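A.B. asks: One structure follows; several queries about it will come next.
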Amino acid sequence: MSGALLTNFAGVPFKNPVIAASGTFGFGRQFEKIYDLSKIGGLCTKGLTLEPRPGNTGERLWETPAGLLNSIGLENPGVDAFIENEWPHLADIDTVTIPNVGGSDLDSYVQAVSKFNDLPVKLIELNISCPNVKCGGMAFGMDPDQAYAVTKAVVDESAHPVMAKLTPNAPDLTGVARACEEAGAAGLSLINTIQGMAVDVDRRRIVFDNVYAGLSGPAVKPIALRMVHQVVHAVSIPVMALGGISDWRDALEFIMIGAQCVQVGTMNFVDTTVLPDIVDGLETYCTKHGIQNLDDVRGIL
Ligand SMILES: Cc1cc2nc3c(=O)[nH]c(=O)nc-3n(C[C@H](O)[C@H](O)[C@H](O)COP(=O)(O)O)c2cc1C
C-alpha cells in the first residue's frame, strides 16, 4: 500500500475511502469469511434502532434490470443487543465501524445515538432516509426543517461526529443538505434508495405489502452522481457518495466530482469481493498515473 488512498473524513482518518453501505453488509460476519475486513476503509452497520425491529412482512427483495428493490423495514436487533453482541468483535477489526442509527421520533433517535457515547466510535451515520418504515425514517429527511431538528438534537447529544444520510426522494435535496450542515453534521452521505414499485403479474398483485420500495444498484448511479454533484457544491462539509457503484471506475467518478469517500451497497450481493477489488483498483490507478494521493484528482470536475 502506497498511502495514496489515505483519506481524512471530517477529522476521522480512513486507510482508504472504500466503505460498505448500511444494510448490505450486516455486521460484517458473512463477509469476513471471504476476506479480511481490515482491507476496506470502513463499514456502516445495518440500521440500528432503540428497540429491536422485526422488519416488514411479505416480499422484501425484488430484482429489476440493473437494480434491486427492497422493503426490509429496518429489521435489526436493537442498539443494546448490537453493543453487547457485535460491537466487541467489530472493535477488534482494523477498520472504521460506523453505526447507522434510525428512529421513529426525535427522542428515539437521540436515545439510540447516545448509547454510543461511552464507546470509541469514530463516526455515526444518522439515517434520516429509510423509505421502508411507516413512521420516522425518510420523513425526517424529506424537509429541511425536520432534518435540521433531528440532526441538531442528535449532534447536541452525541459524543461523536455525526454524518447525516440523505434521501434522494426529498423535493429540496440541497435544502436538506444545508440544513444538516447548519445543525452541526460533520458530513453527509447520499444517496439512500429511490422509491419505486413492482407488480407481480402472475399473482396479479403489487409485490410489496408497503406498495412502494427502495431502488438501488447500477440503475441509480447516474441519478446519484447528479445528486452528489449538487450537494457537494451546496455544502462545505465532506460527502460520502453512494448509489450504484460496482467497480473502481464508478468509485473514481464520484471522487472526481468531489466525494471524500464512497460506499458500496447492492453490489456486495452480486460480487462478494467488490469492496477489496475497488481498493485494489484505485491503488493500481494511482500507481499507473503517478498519483501521490487521491486528493490530486478529488473534486477536479
Ligand atoms: C437490502 C438493503 C437494506 C438496506 N438497509 C439500509 C439501512 O438499514 N440503513 C440505511 O441507511 N440504508 C440502507 N440501505 C440503503 C443502502 O445503504 C444504500 O444507500 C443504497 O442501497 C444505495 O447504494 P447501492 O446502489 O450501492 O446499493 C439498504 C439497501 C438495501 C439494498
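Ordered as shown in the C-alpha cells, chains take letters A, B, and onward, while each chain numbers its residues from 1 and ligands are numbered from 1 in the order shown.
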Find the residues near Ala224 (chain A): any atom within 8 Å, counting only C-alpha atoms, skip ones fewer than 2 places away on the same chain, and give them as a list in words.

C.D. replies: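 Selected residues are Pro168, Leu190, Ile191, Val220, Lys221, Pro222, Arg226, Met227, Val228, Ala241, Leu242, Gly243 and Gly244 of chain A.
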
A.B. asks: Counting only C-alpha atoms and all ligand atoms, what residues are within 8 Å of ligand 1, given as a PyMOL selection string?

C.D. replies: chain A and resi 21-24+45-48+61+67-75+100-102+125-130+165+190-193+214-221+242-246+263-267

A.B. asks: Apply DSSP to the backbone of this structure and, from region 29-120 of chain A, keep only the residues in helix (DSSP H, G or I); write these as a ChimeraX atom specification.

C.D. replies: /A:31-33,37-39,79-85,87-91,106-114

A.B. asks: Got a sec: who's within 7 Å of Cys261 (chain A), counting only C-alpha atoms, leaving out chain neighbours fewer than 4 positions off, as a PyMOL selection string?

C.D. replies: chain A and resi 17-18+239-241

A.B. asks: Tell me, which residues of region 8-220 of chain A carry DSSP strand (DSSP E or B), written as an mmCIF file with C-alpha atoms, in the first residue's frame?

C.D. replies:
data_model
loop_
_atom_site.group_PDB
_atom_site.id
_atom_site.type_symbol
_atom_site.label_atom_id
_atom_site.label_comp_id
_atom_site.auth_asym_id
_atom_site.auth_seq_id
_atom_site.Cartn_x
_atom_site.Cartn_y
_atom_site.Cartn_z
ATOM 1 C CA ASN A 8 -9.495 12.140 6.097
ATOM 2 C CA PHE A 9 -13.257 12.460 6.545
ATOM 3 C CA VAL A 12 -11.532 10.842 11.007
ATOM 4 C CA PRO A 13 -8.644 9.010 9.306
ATOM 5 C CA PHE A 14 -9.540 6.183 6.902
ATOM 6 C CA VAL A 18 -13.977 2.416 0.303
ATOM 7 C CA ILE A 19 -16.762 1.649 2.758
ATOM 8 C CA ALA A 20 -19.528 -0.949 2.980
ATOM 9 C CA GLY A 42 -14.807 1.079 6.893
ATOM 10 C CA LEU A 43 -18.232 -0.431 7.226
ATOM 11 C CA CYS A 44 -21.623 1.006 8.048
ATOM 12 C CA LEU A 48 -29.961 0.218 14.320
ATOM 13 C CA ARG A 53 -37.487 -4.473 14.973
ATOM 14 C CA LEU A 61 -36.411 -8.076 -2.069
ATOM 15 C CA TRP A 62 -37.232 -7.937 -5.776
ATOM 16 C CA GLU A 63 -34.722 -7.845 -8.632
ATOM 17 C CA THR A 64 -35.193 -5.422 -11.508
ATOM 18 C CA GLY A 67 -31.274 -2.770 -9.832
ATOM 19 C CA LEU A 68 -32.789 -4.146 -6.657
ATOM 20 C CA LEU A 69 -35.984 -3.128 -4.880
ATOM 21 C CA ASN A 70 -36.009 -3.674 -1.125
ATOM 22 C CA ASN A 76 -32.436 -5.148 13.428
ATOM 23 C CA VAL A 96 -13.702 2.102 10.899
ATOM 24 C CA THR A 97 -17.066 0.772 12.071
ATOM 25 C CA ILE A 98 -19.804 3.350 11.539
ATOM 26 C CA ASN A 100 -26.044 3.545 11.203
ATOM 27 C CA VAL A 101 -28.790 4.761 13.526
ATOM 28 C CA ILE A 124 -22.130 7.852 13.452
ATOM 29 C CA GLU A 125 -24.323 7.663 10.358
ATOM 30 C CA LEU A 126 -27.724 9.188 11.062
ATOM 31 C CA ASN A 127 -30.321 7.509 8.888
ATOM 32 C CA VAL A 162 -22.449 12.680 13.053
ATOM 33 C CA MET A 163 -22.888 12.144 9.318
ATOM 34 C CA ALA A 164 -26.465 12.534 8.072
ATOM 35 C CA LYS A 165 -27.598 10.102 5.365
ATOM 36 C CA GLY A 187 -20.503 15.150 6.995
ATOM 37 C CA LEU A 188 -23.203 13.790 4.716
ATOM 38 C CA SER A 189 -23.806 10.507 2.933
ATOM 39 C CA LEU A 190 -26.045 10.081 -0.093
ATOM 40 C CA ILE A 194 -35.093 5.852 -4.642
ATOM 41 C CA GLN A 195 -38.752 4.989 -4.198
ATOM 42 C CA GLY A 196 -40.090 2.564 -6.771
ATOM 43 C CA VAL A 199 -46.148 -5.602 -9.981
ATOM 44 C CA ASP A 200 -46.312 -9.409 -9.967
ATOM 45 C CA ARG A 205 -50.792 -8.051 -7.139
ATOM 46 C CA ILE A 206 -48.395 -5.321 -6.126
ATOM 47 C CA ALA A 213 -39.968 0.003 -2.015
ATOM 48 C CA GLY A 214 -36.435 1.377 -2.382
ATOM 49 C CA LEU A 215 -34.471 1.005 -5.630
ATOM 50 C CA SER A 216 -30.673 0.638 -5.528
#

A.B. asks: Please, what distance in Å, to one decimal, runs between CA of Asp280 (chain A) and CA of Ile40 (chain A)?

C.D. replies: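 Going from CA of Asp280 (chain A) over to CA of Ile40 (chain A) covers 10.0 Å.
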
A.B. asks: Excluding same-chain residues fewer than 6 positions from Ala153 (chain A), what lies within 12 Å of it counting only C-alpha atoms, as JSON, numbers by chain?

C.D. replies: {"A": [105, 106, 107, 108, 109, 110, 111, 112, 113, 114, 126, 146, 147, 162, 180, 183, 184, 185]}

A.B. asks: Pick from A:Arg29, A:Lys39, A:Arg60, A:His289: nearest to Trp87 (chain A), with only C-alpha atoms counted?

C.D. replies: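 Of A:Arg29, A:Lys39, A:Arg60, A:His289, the one nearest Trp87 (chain A) is A:Arg29, counting only C-alpha atoms.
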